[in-house]
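Engineer: Contents of query-v4.cif (mmCIF, C-alpha atoms):
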data_query
#
loop_
_atom_site.label_atom_id
_atom_site.label_comp_id
_atom_site.auth_asym_id
_atom_site.auth_seq_id
_atom_site.Cartn_x
_atom_site.Cartn_y
_atom_site.Cartn_z
CA MET F 19 42.33 18.26 28.15
CA ARG F 20 44.34 17.62 31.29
CA ARG F 21 46.00 14.74 33.06
CA ASP F 22 44.95 14.03 36.61
CA GLY F 23 46.30 11.06 38.49
CA GLY F 24 47.27 9.28 35.30
CA ALA F 25 43.80 9.48 33.75
CA VAL F 26 43.20 11.63 30.72
CA ARG F 27 40.15 13.84 30.89
CA GLY F 28 38.55 15.52 27.96
CA GLY F 29 35.13 17.02 27.51
CA GLY F 30 32.79 17.72 30.39
CA ARG F 31 30.48 15.06 31.75
CA GLY F 32 27.48 17.17 30.89
CA ALA F 33 28.66 18.17 27.39
CA GLY F 34 26.62 17.11 24.37
CA LEU F 35 27.51 14.49 21.79
CA LEU F 36 29.18 16.82 19.27
CA ALA F 37 31.14 18.63 21.97
CA GLN F 38 32.48 15.39 23.40
CA LEU F 39 33.34 14.06 19.94
CA ARG F 40 35.46 17.18 19.44
CA ASP F 41 37.13 16.79 22.83
CA PRO F 42 36.60 13.19 23.97
CA PRO F 43 38.02 11.49 27.07
CA GLY F 44 41.58 10.68 26.03
CA GLY F 45 42.09 13.87 24.01
CA ARG F 46 43.74 13.91 20.59
CA ASP F 47 44.51 10.21 20.37
CA ALA F 48 40.97 9.25 21.38
CA ARG F 49 39.55 11.66 18.79
CA ILE F 50 41.68 10.11 16.05
CA MET F 51 40.71 6.60 17.20
CA LEU F 52 37.01 7.51 17.08
CA LEU F 53 37.45 8.73 13.51
CA ALA F 54 39.30 5.52 12.61
CA LEU F 55 36.50 3.50 14.20
CA ALA F 56 33.83 5.39 12.21
CA VAL F 57 35.75 4.79 8.97
CA ASP F 58 36.19 1.09 9.82
CA ARG F 59 32.47 0.68 10.57
CA THR F 60 31.50 2.47 7.36
CA GLY F 61 33.37 -0.27 5.52
CA SER F 62 31.75 -2.88 7.76
CA GLY F 63 28.34 -1.48 6.78
CA LEU F 64 29.24 -1.98 3.13
CA TRP F 65 30.26 -5.59 3.85
CA ALA F 66 27.28 -6.46 6.05
CA ALA F 67 24.77 -5.19 3.51
CA SER F 68 26.35 -6.79 0.47
CA SER F 69 28.26 -9.93 1.53
CA VAL F 70 25.40 -12.43 1.34
CA LEU F 71 24.32 -11.17 -2.10
CA TYR F 72 27.94 -11.16 -3.25
CA PHE F 73 28.35 -14.80 -2.25
CA THR F 74 25.02 -15.62 -3.94
CA PHE F 75 25.30 -13.84 -7.27
CA VAL F 76 29.05 -13.43 -7.79
CA THR F 77 30.63 -16.56 -6.28
CA GLN F 78 27.49 -18.65 -6.96
CA LEU F 79 27.34 -20.31 -3.53
CA SER F 80 24.16 -22.06 -2.42
CA ALA F 81 22.17 -20.90 0.59
CA GLN F 82 23.44 -23.90 2.56
CA GLN F 83 27.06 -23.13 1.68
CA ILE F 84 26.60 -19.49 2.70
CA GLY F 85 25.13 -20.60 6.00
CA VAL F 86 28.07 -22.89 6.71
CA LEU F 87 30.54 -20.23 5.55
CA LEU F 88 29.19 -17.52 7.86
CA GLY F 89 28.66 -19.95 10.73
CA ALA F 90 32.25 -21.16 10.57
CA ALA F 91 33.46 -17.58 10.28
CA GLY F 92 31.49 -16.70 13.41
CA VAL F 93 33.15 -19.56 15.30
CA ALA F 94 36.57 -18.34 14.14
CA GLY F 95 35.64 -14.86 15.35
CA ILE F 96 35.21 -16.21 18.89
CA ALA F 97 38.96 -16.83 19.05
CA GLY F 98 39.73 -13.26 18.02
CA SER F 99 39.03 -11.65 21.41
CA PRO F 100 41.19 -13.88 23.67
CA LEU F 101 43.94 -13.93 21.06
CA ALA F 102 43.94 -10.12 20.92
CA GLY F 103 43.96 -9.89 24.72
CA TRP F 104 46.85 -12.33 25.03
CA LEU F 105 48.90 -10.48 22.41
CA ALA F 106 48.07 -7.07 23.93
CA GLY F 107 49.71 -8.16 27.16
CA ARG F 108 52.97 -8.57 25.23
CA LEU F 109 52.85 -6.14 22.28
CA PRO F 110 51.65 -2.54 21.73
CA VAL F 111 47.88 -2.29 21.20
CA ARG F 112 48.35 0.32 18.48
CA THR F 113 50.63 -1.96 16.43
CA LEU F 114 48.29 -4.93 16.84
CA LEU F 115 45.27 -2.90 15.73
CA ILE F 116 47.06 -1.76 12.58
CA GLY F 117 47.93 -5.40 11.97
CA CYS F 118 44.24 -6.39 12.27
CA HIS F 119 43.24 -3.73 9.74
CA LEU F 120 45.92 -4.90 7.30
CA LEU F 121 44.96 -8.56 7.81
CA ARG F 122 41.38 -7.79 6.83
CA LEU F 123 42.64 -5.75 3.87
CA VAL F 124 44.51 -8.81 2.59
CA THR F 125 41.63 -11.22 3.18
CA LEU F 126 39.13 -8.99 1.39
CA ALA F 127 41.48 -8.77 -1.58
CA LEU F 128 41.63 -12.58 -1.57
CA ILE F 129 37.82 -12.81 -1.45
CA LEU F 130 37.73 -10.97 -4.77
CA VAL F 131 39.83 -13.68 -6.43
CA CYS F 132 38.50 -16.78 -4.63
CA ALA F 133 35.72 -18.51 -6.52
CA GLY F 134 34.92 -21.74 -4.65
CA PHE F 135 33.55 -22.60 -1.23
CA GLY F 136 36.74 -24.37 -0.13
CA ALA F 137 38.92 -21.37 -0.97
CA LEU F 138 36.55 -18.85 0.60
CA LEU F 139 36.12 -20.68 3.91
CA PRO F 140 39.56 -19.97 5.47
CA VAL F 141 39.68 -16.46 3.99
CA VAL F 142 36.31 -15.40 5.39
CA ALA F 143 37.16 -17.06 8.72
CA LEU F 144 40.36 -14.99 8.96
CA THR F 145 38.36 -11.85 8.10
CA TYR F 146 35.98 -12.45 11.00
CA LEU F 147 38.82 -13.34 13.38
CA GLY F 148 40.57 -10.06 12.52
CA ASP F 149 37.31 -8.15 12.90
CA ARG F 150 36.64 -9.49 16.42
CA ALA F 151 40.26 -8.97 17.47
CA ALA F 152 40.15 -5.36 16.22
CA LYS F 153 37.03 -4.60 18.28
CA THR F 154 38.72 -5.91 21.44
CA LEU F 155 41.89 -3.92 20.74
CA GLU F 156 39.87 -0.73 20.19
CA MET F 157 38.34 -1.08 23.63
CA LEU F 158 41.67 -1.94 25.23
CA PHE F 159 43.03 1.29 23.72
CA ALA F 160 40.05 3.17 25.15
CA THR F 161 40.45 1.61 28.60
CA ARG F 162 44.04 2.82 28.76
CA ALA F 163 43.63 6.19 27.04
CA ALA F 164 40.37 7.38 28.60
CA GLY F 165 41.04 6.23 32.16
CA GLU F 166 38.09 6.71 34.49
CA ARG F 167 36.08 8.25 31.62
CA ARG F 168 36.16 4.98 29.68
CA VAL F 169 32.36 4.62 29.92
CA ALA F 170 31.87 7.99 28.23
CA TYR F 171 34.40 6.99 25.57
CA GLN F 172 32.58 3.70 25.04
CA ALA F 173 29.36 5.63 24.51
CA LEU F 174 31.03 7.93 21.99
CA SER F 175 32.50 4.93 20.17
CA ARG F 176 29.05 3.32 19.96
CA SER F 177 27.60 6.51 18.48
CA ALA F 178 30.46 6.81 15.98
CA ALA F 179 30.23 3.13 15.06
CA ASN F 180 26.47 3.21 14.44
CA ALA F 181 26.77 6.38 12.38
CA GLY F 182 29.45 4.64 10.33
CA TYR F 183 27.31 1.55 9.85
CA GLY F 184 24.42 3.72 8.71
CA VAL F 185 26.55 5.54 6.14
CA GLY F 186 28.01 2.25 4.89
CA ALA F 187 24.59 0.61 4.58
CA GLY F 188 23.31 3.65 2.66
CA ILE F 189 26.20 3.49 0.20
CA ALA F 190 25.70 -0.27 -0.14
CA ALA F 191 22.02 0.27 -0.99
CA LEU F 192 23.08 2.38 -3.98
CA GLY F 193 25.51 -0.30 -5.17
CA LEU F 194 22.98 -3.09 -4.70
CA ALA F 195 20.42 -1.10 -6.67
CA VAL F 196 22.85 -1.11 -9.61
CA GLY F 197 23.33 -4.85 -9.10
CA THR F 198 26.16 -5.42 -11.58
CA LEU F 199 29.27 -7.51 -11.00
CA ASP F 200 31.41 -4.38 -10.94
CA ALA F 201 29.08 -2.76 -8.40
CA TYR F 202 29.44 -5.73 -6.01
CA ARG F 203 33.22 -5.66 -6.38
CA ALA F 204 33.28 -1.91 -5.82
CA LEU F 205 31.50 -2.40 -2.48
CA ILE F 206 34.08 -4.98 -1.39
CA LEU F 207 36.89 -2.64 -2.47
CA GLY F 208 35.23 0.16 -0.52
CA ASN F 209 35.44 -1.95 2.62
CA ALA F 210 39.09 -2.70 1.88
CA LEU F 211 39.76 1.01 1.43
CA SER F 212 38.28 1.68 4.87
CA PHE F 213 40.97 -0.54 6.40
CA VAL F 214 43.71 1.44 4.66
CA VAL F 215 42.36 4.75 5.97
CA ALA F 216 41.76 3.34 9.46
CA SER F 217 45.33 2.00 9.58
CA ALA F 218 46.72 5.39 8.59
CA LEU F 219 44.67 7.08 11.31
CA VAL F 220 45.72 4.63 14.02
CA TRP F 221 49.36 5.16 12.95
CA ARG F 222 48.97 8.83 13.96
CA THR F 223 48.09 7.95 17.56
CA VAL F 224 50.47 7.32 20.46
CA GLU F 225 50.47 4.04 22.37
CA PRO F 226 48.51 4.67 25.60
CA ALA F 227 50.24 4.11 28.91
CA ARG F 228 49.33 1.05 30.95
CA GLY F 229 48.12 2.80 34.06
CA PRO F 230 45.71 1.67 36.78
CA VAL F 231 42.00 1.93 36.06
CA PRO F 232 40.29 4.12 38.70
CA GLY F 233 37.43 2.32 40.40
CA ALA F 234 38.69 -1.13 39.48
CA SER F 235 39.24 -3.87 41.99
CA THR F 236 42.81 -4.05 43.20
CA GLY F 237 42.17 -7.04 45.37
CA PRO F 238 42.65 -10.60 44.23
CA ALA F 239 40.23 -11.92 41.70
CA SER F 240 37.92 -14.64 42.86
CA THR F 241 38.99 -18.22 42.52
CA GLY F 242 36.57 -21.01 42.98
CA GLY F 243 33.73 -18.49 43.13
CA ALA F 244 34.81 -16.88 46.41
CA PRO F 245 34.32 -13.10 46.53
CA ALA F 246 37.39 -10.95 46.21
CA ASP F 247 38.46 -8.91 49.22
CA VAL F 248 38.70 -5.48 47.65
CA ALA F 249 40.04 -3.83 50.79
CA SER F 250 42.70 -6.45 51.50
CA GLY F 251 45.38 -4.68 49.48
CA VAL F 252 46.74 -8.04 48.29
CA ARG F 253 47.61 -7.84 44.63
CA PRO F 254 47.20 -10.76 42.22
CA ALA F 255 50.26 -12.44 40.84
CA ALA F 256 51.52 -10.85 37.65
CA GLY F 257 50.49 -12.68 34.52
CA ARG F 258 47.52 -14.36 36.21
CA SER F 259 45.51 -16.39 33.69
CA PRO F 260 41.79 -15.57 33.32
CA TRP F 261 41.23 -19.19 32.31
CA ARG F 262 41.95 -20.26 35.90
CA ASP F 263 39.79 -17.56 37.48
CA ARG F 264 36.45 -19.32 37.90
CA GLY F 265 34.76 -16.19 39.25
CA TYR F 266 35.66 -14.19 36.14
CA LEU F 267 34.76 -17.05 33.81
CA ARG F 268 31.35 -17.22 35.49
CA PHE F 269 30.92 -13.50 34.74
CA VAL F 270 31.82 -14.11 31.07
CA LEU F 271 29.44 -17.09 30.87
CA LEU F 272 26.54 -15.06 32.28
CA ASP F 273 27.44 -12.19 29.96
CA ILE F 274 26.55 -14.33 26.91
CA PRO F 275 22.77 -14.14 27.53
CA MET F 276 23.31 -10.48 28.46
CA ASN F 277 24.03 -9.96 24.73
CA LEU F 278 20.86 -11.61 23.40
CA ASP F 279 19.34 -8.22 22.56
CA ASP F 280 21.44 -8.36 19.37
CA SER F 281 19.73 -11.54 18.12
CA VAL F 282 16.29 -10.41 19.29
CA LEU F 283 16.61 -7.21 17.27
CA GLY F 284 18.35 -8.57 14.19
CA VAL F 285 16.69 -11.98 13.92
CA GLY F 286 13.75 -12.35 16.29
CA LEU F 287 11.84 -9.14 15.55
CA PRO F 288 11.79 -9.35 11.73
CA LEU F 289 11.15 -13.10 11.57
CA TRP F 290 8.47 -12.99 14.28
CA LEU F 291 6.73 -10.13 12.44
CA VAL F 292 6.72 -12.04 9.17
CA SER F 293 5.84 -15.49 10.49
CA SER F 294 3.53 -14.92 13.47
CA THR F 295 1.89 -11.49 13.31
CA SER F 296 -0.29 -9.52 10.92
CA ALA F 297 1.92 -6.41 11.04
CA PRO F 298 2.96 -5.02 7.63
CA HIS F 299 6.28 -6.36 6.35
CA ALA F 300 7.37 -2.83 5.43
CA LEU F 301 7.83 -2.23 9.15
CA VAL F 302 11.00 -4.37 9.27
CA PRO F 303 13.43 -1.64 8.11
CA ALA F 304 11.96 0.70 10.73
CA PHE F 305 13.36 -1.52 13.48
CA LEU F 306 16.94 -0.95 12.34
CA VAL F 307 16.37 2.74 11.62
CA LEU F 308 14.93 3.24 15.11
CA ASN F 309 17.81 1.33 16.66
CA THR F 310 20.50 3.23 14.76
CA VAL F 311 19.05 6.67 15.51
CA LEU F 312 18.52 5.97 19.22
CA VAL F 313 22.04 4.56 19.66
CA VAL F 314 23.65 7.55 17.97
CA VAL F 315 21.53 10.11 19.87
CA CYS F 316 21.05 8.50 23.29
CA GLN F 317 24.10 6.33 23.98
CA LEU F 318 26.06 9.10 25.71
CA SER F 319 23.30 10.10 28.12
CA VAL F 320 22.35 6.49 28.91
CA SER F 321 25.99 5.57 29.56
CA ARG F 322 26.18 7.97 32.49
CA ARG F 323 23.91 5.58 34.41
CA ALA F 324 26.44 2.75 34.04
CA GLU F 325 29.59 4.46 35.32
CA GLY F 326 31.41 2.89 38.26
CA PRO F 327 30.76 -0.39 40.09
CA ARG F 328 27.30 0.48 41.37
CA GLY F 329 26.09 2.05 38.13
CA ALA F 330 27.27 -0.91 36.05
CA ALA F 331 25.71 -3.44 38.45
CA ARG F 332 22.40 -1.56 38.44
CA ALA F 333 22.47 -1.40 34.63
CA VAL F 334 22.58 -5.20 34.51
CA LEU F 335 19.36 -5.35 36.53
CA LEU F 336 17.71 -2.77 34.30
CA TYR F 337 18.80 -4.78 31.26
CA GLY F 338 17.00 -7.83 32.63
CA VAL F 339 13.80 -5.82 33.22
CA LEU F 340 13.89 -4.30 29.73
CA MET F 341 14.44 -7.70 28.09
CA LEU F 342 11.60 -9.22 30.12
CA VAL F 343 9.16 -6.52 28.98
CA THR F 344 10.48 -6.76 25.40
CA CYS F 345 9.75 -10.49 25.30
CA LEU F 346 6.30 -9.87 26.83
CA PHE F 347 5.52 -7.46 23.99
CA MET F 348 6.76 -10.01 21.45
CA ALA F 349 4.31 -12.55 22.86
CA LEU F 350 1.45 -10.00 22.84
CA ALA F 351 2.11 -9.04 19.20
CA THR F 352 0.29 -12.17 18.03
CA ARG F 353 -3.00 -10.80 19.41
CA GLY F 354 -5.01 -8.09 17.70
CA GLY F 355 -4.98 -6.69 14.19
CA ALA F 356 -2.21 -5.40 11.96
CA TRP F 357 -1.97 -1.94 13.51
CA VAL F 358 -1.98 -3.25 17.06
CA ALA F 359 0.78 -5.71 16.18
CA ALA F 360 2.77 -2.93 14.47
CA VAL F 361 2.58 -0.63 17.51
CA VAL F 362 3.47 -3.45 19.93
CA LEU F 363 6.45 -4.56 17.82
CA LEU F 364 7.72 -0.97 17.50
CA ALA F 365 7.50 -0.71 21.29
CA ALA F 366 9.47 -3.96 21.54
CA ALA F 367 12.11 -2.52 19.18
CA LEU F 368 12.35 0.60 21.37
CA LEU F 369 12.73 -1.46 24.56
CA VAL F 370 15.32 -3.85 23.14
CA THR F 371 17.31 -0.84 21.91
CA LEU F 372 17.25 0.65 25.41
CA ALA F 373 18.44 -2.72 26.70
CA GLU F 374 21.26 -2.65 24.15
CA LEU F 375 22.26 0.85 25.27
CA MET F 376 22.55 -0.37 28.87
CA ARG F 377 24.35 -3.58 28.01
CA SER F 378 26.88 -2.05 25.63
CA VAL F 379 28.48 0.01 28.38
CA SER F 380 27.78 -2.07 31.50
CA SER F 381 29.27 -5.30 30.12
CA TRP F 382 32.58 -3.67 29.26
CA GLU F 383 32.67 -1.58 32.44
CA LEU F 384 32.18 -4.67 34.59
CA ALA F 385 34.73 -6.63 32.55
CA VAL F 386 37.29 -3.90 33.30
CA LEU F 387 36.40 -3.48 36.97
CA LEU F 388 36.46 -7.22 37.68
CA ALA F 389 39.84 -7.83 36.05
CA PRO F 390 43.11 -7.58 38.03
CA GLU F 391 45.15 -4.62 36.87
CA ASP F 392 48.34 -6.45 35.87
CA ALA F 393 46.54 -9.02 33.71
CA ARG F 394 43.79 -6.77 32.35
CA ALA F 395 44.50 -7.25 28.64
CA ALA F 396 44.22 -11.04 28.85
CA TYR F 397 41.09 -10.80 31.00
CA LEU F 398 39.37 -8.38 28.63
CA GLY F 399 40.24 -10.60 25.71
CA VAL F 400 38.38 -13.47 27.37
CA ALA F 401 35.46 -11.18 28.25
CA GLY F 402 35.16 -10.21 24.60
CA MET F 403 34.26 -13.80 23.73
CA SER F 404 30.74 -13.45 25.15
CA GLN F 405 29.54 -11.25 22.29
CA SER F 406 31.08 -13.50 19.65
CA ILE F 407 29.57 -16.63 21.19
CA GLN F 408 26.16 -14.97 21.31
CA LYS F 409 26.42 -14.03 17.65
CA SER F 410 26.96 -17.72 16.81
CA ALA F 411 24.52 -19.29 19.27
CA GLY F 412 21.88 -16.55 19.55
CA PRO F 413 20.21 -16.79 16.11
CA PRO F 414 19.64 -20.58 16.24
CA LEU F 415 18.38 -20.24 19.82
CA ILE F 416 15.84 -17.60 18.75
CA THR F 417 14.66 -19.39 15.61
CA GLY F 418 14.97 -23.03 16.67
CA VAL F 419 13.80 -22.84 20.30
CA VAL F 420 12.10 -19.56 21.20
CA MET F 421 10.07 -18.99 18.03
CA ALA F 422 9.32 -22.70 17.67
CA ALA F 423 7.62 -22.59 21.08
CA GLY F 424 5.45 -19.64 20.08
CA PRO F 425 4.48 -16.82 22.48
CA VAL F 426 5.34 -19.03 25.46
CA GLY F 427 8.89 -19.26 24.15
CA TRP F 428 9.27 -15.48 24.35
CA LEU F 429 7.91 -15.38 27.89
CA VAL F 430 10.34 -18.10 29.00
CA LEU F 431 13.25 -16.31 27.31
CA GLY F 432 12.39 -13.01 29.02
CA ALA F 433 12.07 -14.65 32.43
CA ALA F 434 15.35 -16.54 31.95
CA VAL F 435 17.31 -13.43 30.96
CA ALA F 436 15.84 -11.46 33.86
CA GLY F 437 16.80 -14.22 36.30
CA LEU F 438 20.33 -14.44 34.92
CA ALA F 439 20.62 -10.65 35.16
CA VAL F 440 19.87 -10.87 38.88
CA ALA F 441 22.53 -13.57 39.27
CA GLN F 442 25.05 -11.47 37.31
CA ASN F 443 24.25 -8.41 39.41
CA ARG F 444 24.77 -10.23 42.70
CA GLY F 445 27.96 -11.96 41.59
CA CYS F 446 29.51 -8.71 40.34
CA ALA F 447 28.43 -6.78 43.44
CA ARG F 448 30.07 -9.35 45.73
CA ARG F 449 33.29 -9.45 43.74
CA LEU F 450 33.51 -5.65 43.65
CA GLY F 451 32.76 -5.32 47.35
CA VAL F 452 29.52 -3.41 46.77
CA GLY F 453 26.90 -5.87 48.03
CA PRO F 454 23.33 -5.58 46.75
CA SER F 455 22.24 -3.95 50.02
CA ALA F 456 24.80 -1.18 49.50
CA LEU F 457 24.10 -0.44 45.84
CA GLY F 458 22.28 2.74 46.68
CA ALA F 459 24.83 3.96 49.24
CA PRO F 460 27.82 6.21 48.49
CA ALA F 461 30.76 4.30 47.06
CA PRO F 462 33.63 3.59 49.45
CA PRO F 463 37.07 4.64 48.27
CA VAL F 464 38.91 1.93 46.33
CA ARG F 465 42.56 1.81 47.28
#
Could the structure of this file be written out as structure tokens, please?
Structural biologist:
Amino acid sequence: MRRDGGAVRGGGRGAGLLAQLRDPPGGRDARIMLLALAVDRTGSGLWAASSVLYFTFVTQLSAQQIGVLLGAAGVAGIAGSPLAGWLAGRLPVRTLLIGCHLLRLVTLALILVCAGFGALLPVVALTYLGDRAAKTLEMLFATRAAGERRVAYQALSRSAANAGYGVGAGIAALGLAVGTLDAYRALILGNALSFVVASALVWRTVEPARGPVPGASTGPASTGGAPADVASGVRPAAGRSPWRDRGYLRFVLLDIPMNLDDSVLGVGLPLWLVSSTSAPHALVPAFLVLNTVLVVVCQLSVSRRAEGPRGAARAVLLYGVLMLVTCLFMALATRGGAWVAAVVLLAAALLVTLAELMRSVSSWELAVLLAPEDARAAYLGVAGMSQSIQKSAGPPLITGVVMAAGPVGWLVLGAAVAGLAVAQNRGCARRLGVGPSALGAPAPPVR
């Protein structure tokens, strides 16, 4: 590991996954943070796999109450990202992240003693708010600690997170097979324990310095939609609010449909298979297995295509193409027999996973590059809202609009996402000073 121009470098660009996990961009602190993230996501896997059944069989909530509970929690989670970004501009990221872990520890302990819907609603909402805030703070830490290698770090974090989810879901399957009251409570306590361990690991790190991000725009951010003059050398006013930057807000707004792969994979694929195709229902778990394995194995190599302004802008275009073809396959899955439908849906799962791999790094890379340096924490907090909003709005959009319209609904969705990807690409290219006609040319130096 060495420091060069304020950026911490660790692990070679061509090194494999295990080598980079041992020596990631950011060095020791990044390695500890990756371990903390894996532990946190292992607990999250326990919660995700068992929470609905816990609310059903232990707290005796109805399906409607569970729907309202999780929907309201998702809305509360939207506020977590901008709140974390605002606080990170004033307080140490490391301290705030420990606070988020401890907040979720307390709320999970309260879930174990709350019996009614009214008592559970604010507690679960706070849990989701803390969860979303923690994710934003983890990436803020990475942006500062990994410097220009933040895309590689983001890829490593995705691999570590998915491995953690897989381990947590596997442990949860054992507990759910037992199915007793004590087994359900043990799973919740296991998630709580993950927050204790993650907090202890984060405590061992050092607060990263707030240095400039190489490759990021140092010109003024766009207001009123006008492109920023990257070469002007004029710096934005300190403390600039992202809420008054219409160009950045437009990026965040367009980034919401750039996250729809999550709902297509988690909601659209399984429900479409069951309701509209003749494919065997046993295929549903294969979608998640395929997704988890590909993310863990391929995220690092795919992320190299999204580094820098041009790479991130191109990745947005590729995302639109992949989503368009995914939706085409979804529409085609209704034709043919069971085996044809199974093969087509597996191909759709593969394509939507590739789209996710592109989006997971390009969205954050563009959010960093488009934000002015001296207000980056607040800007990234606002950018983090797009994923939370999609998680709340995406499932009803897929089930209530796209699937209700049948195969045509999938074709319209694919065309819409592809068109929005083109708009996002052009807007980001203009703001970064790398117009679409120059995307294939060598990058000019950013001063």
Engineer: How far is it from CA of Gly326 (chain F) to CA of Asp392 (chain F), in Å with one decimal?
Structural biologist: 19.5 Å
Engineer: Between CA of Ser217 (chain F) and CA of Ile116 (chain F), what distance in Å does the model show, to one decimal?
Structural biologist: 5.1 Å
Engineer: Counting only C-alpha atoms, find the residues whose atoms lie at most 10 Å from (33.8, -3.5, -0.1) (file coordinates) and write them out as a PyMOL selection string.
Structural biologist: chain F and resi 60-69+123+126-127+130+186+190+201-212
Engineer: Could you list, as a VMD selection string, every residue within 12 Å of Val311 (chain F), counting only C-alpha atoms and ignoring same-chain residues fewer than 6 positions away?
Structural biologist: chain F and resid 176 to 184 304 to 305 317 368 371 to 372 375
Engineer: Using all atoms listed in the file, pick whichever of F:Arg328, F:His119, F:Arg222, F:Arg353 has the shortest atom-to-atom distance to Leu155 (chain F).
Structural biologist: F:His119
Engineer: Report, in Å with one decimal, the straight-line distance from CA of Leu219 (chain F) to CA of Val142 (chain F).
Structural biologist: 24.7 Å
Engineer: Care to translate the PyMOL selection byres ((chain F and resi 291) around 10) into actual residues of this file, as a PyMOL selection string?
Structural biologist: chain F and resi 286-290+292-299+301-302+348+351-352+359-360+363
Engineer: Export, as a short mmCIF file (atom, residue, chain, number, x, y, z; two decimals), in the frame of the given file, the selected residues with C-alpha atoms.
Structural biologist:
data_model
loop_
_atom_site.label_atom_id
_atom_site.label_comp_id
_atom_site.auth_asym_id
_atom_site.auth_seq_id
_atom_site.Cartn_x
_atom_site.Cartn_y
_atom_site.Cartn_z
CA GLY F 286 13.75 -12.35 16.29
CA LEU F 287 11.84 -9.14 15.55
CA PRO F 288 11.79 -9.35 11.73
CA LEU F 289 11.15 -13.10 11.57
CA TRP F 290 8.47 -12.99 14.28
CA VAL F 292 6.72 -12.04 9.17
CA SER F 293 5.84 -15.49 10.49
CA SER F 294 3.53 -14.92 13.47
CA THR F 295 1.89 -11.49 13.31
CA SER F 296 -0.29 -9.52 10.92
CA ALA F 297 1.92 -6.41 11.04
CA PRO F 298 2.96 -5.02 7.63
CA HIS F 299 6.28 -6.36 6.35
CA LEU F 301 7.83 -2.23 9.15
CA VAL F 302 11.00 -4.37 9.27
CA MET F 348 6.76 -10.01 21.45
CA ALA F 351 2.11 -9.04 19.20
CA THR F 352 0.29 -12.17 18.03
CA ALA F 359 0.78 -5.71 16.18
CA ALA F 360 2.77 -2.93 14.47
CA LEU F 363 6.45 -4.56 17.82
#
Engineer: Could you pull the residues within 10 Å of Pro260 (chain F), counting only C-alpha atoms, minus those fewer than 4 positions along the same chain, as a list of chain:residue names?
Structural biologist: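 Result of the neighbour search: F:Pro100, F:Ala239, F:Thr241, F:Arg264, F:Gly265, F:Tyr266, F:Leu267, F:Ala389, F:Pro390, F:Ala393, F:Arg394, F:Ala395, F:Ala396, F:Tyr397, F:Leu398, F:Gly399, F:Val400, F:Ala401.
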Engineer: Could you dump the residues just selected with C-alpha atoms as a short mmCIF file (atom, residue, chain, number, x, y, z; two decimals), keeping the file's coordinate frame?
Structural biologist:
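Generated output (part.cif):
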data_model
loop_
_atom_site.label_atom_id
_atom_site.label_comp_id
_atom_site.auth_asym_id
_atom_site.auth_seq_id
_atom_site.Cartn_x
_atom_site.Cartn_y
_atom_site.Cartn_z
CA PRO F 100 41.19 -13.88 23.67
CA ALA F 239 40.23 -11.92 41.70
CA THR F 241 38.99 -18.22 42.52
CA ARG F 264 36.45 -19.32 37.90
CA GLY F 265 34.76 -16.19 39.25
CA TYR F 266 35.66 -14.19 36.14
CA LEU F 267 34.76 -17.05 33.81
CA ALA F 389 39.84 -7.83 36.05
CA PRO F 390 43.11 -7.58 38.03
CA ALA F 393 46.54 -9.02 33.71
CA ARG F 394 43.79 -6.77 32.35
CA ALA F 395 44.50 -7.25 28.64
CA ALA F 396 44.22 -11.04 28.85
CA TYR F 397 41.09 -10.80 31.00
CA LEU F 398 39.37 -8.38 28.63
CA GLY F 399 40.24 -10.60 25.71
CA VAL F 400 38.38 -13.47 27.37
CA ALA F 401 35.46 -11.18 28.25
#
Engineer: I'd like the neighbourhood of region 421-434 of chain F as a list in words, where a residue qualifies if any of its atoms comes within 9 Å (using all atoms listed in the file), though same-chain residues fewer than 3 positions away should be ignored.
Structural biologist: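 In the requested format, the answer is Pro275, Gly286, Leu289, Trp290, Ser294, Gly338, Val339, Leu340, Met341, Leu342, Val343, Thr344, Cys345, Leu346, Phe347, Met348, Ala349, Leu350, Ala351, Thr352, Leu415, Ile416, Thr417, Gly418, Gly437, Leu438 and Ala439 of chain F.
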Engineer: Please write the residues from the selection above to a file, keeping C-alpha atoms, as a tab-separated table (two decimals), in the coordinates of the input.
Structural biologist:
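As a result, again.tsv now contains:
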chain	number	residue	atom	x	y	z
F	275	PRO	CA	22.77	-14.14	27.53
F	286	GLY	CA	13.75	-12.35	16.29
F	289	LEU	CA	11.15	-13.10	11.57
F	290	TRP	CA	8.47	-12.99	14.28
F	294	SER	CA	3.53	-14.92	13.47
F	338	GLY	CA	17.00	-7.83	32.63
F	339	VAL	CA	13.80	-5.82	33.22
F	340	LEU	CA	13.89	-4.30	29.73
F	341	MET	CA	14.44	-7.70	28.09
F	342	LEU	CA	11.60	-9.22	30.12
F	343	VAL	CA	9.16	-6.52	28.98
F	344	THR	CA	10.48	-6.76	25.40
F	345	CYS	CA	9.75	-10.49	25.30
F	346	LEU	CA	6.30	-9.87	26.83
F	347	PHE	CA	5.52	-7.46	23.99
F	348	MET	CA	6.76	-10.01	21.45
F	349	ALA	CA	4.31	-12.55	22.86
F	350	LEU	CA	1.45	-10.00	22.84
F	351	ALA	CA	2.11	-9.04	19.20
F	352	THR	CA	0.29	-12.17	18.03
F	415	LEU	CA	18.38	-20.24	19.82
F	416	ILE	CA	15.84	-17.60	18.75
F	417	THR	CA	14.66	-19.39	15.61
F	418	GLY	CA	14.97	-23.03	16.67
F	437	GLY	CA	16.80	-14.22	36.30
F	438	LEU	CA	20.33	-14.44	34.92
F	439	ALA	CA	20.62	-10.65	35.16
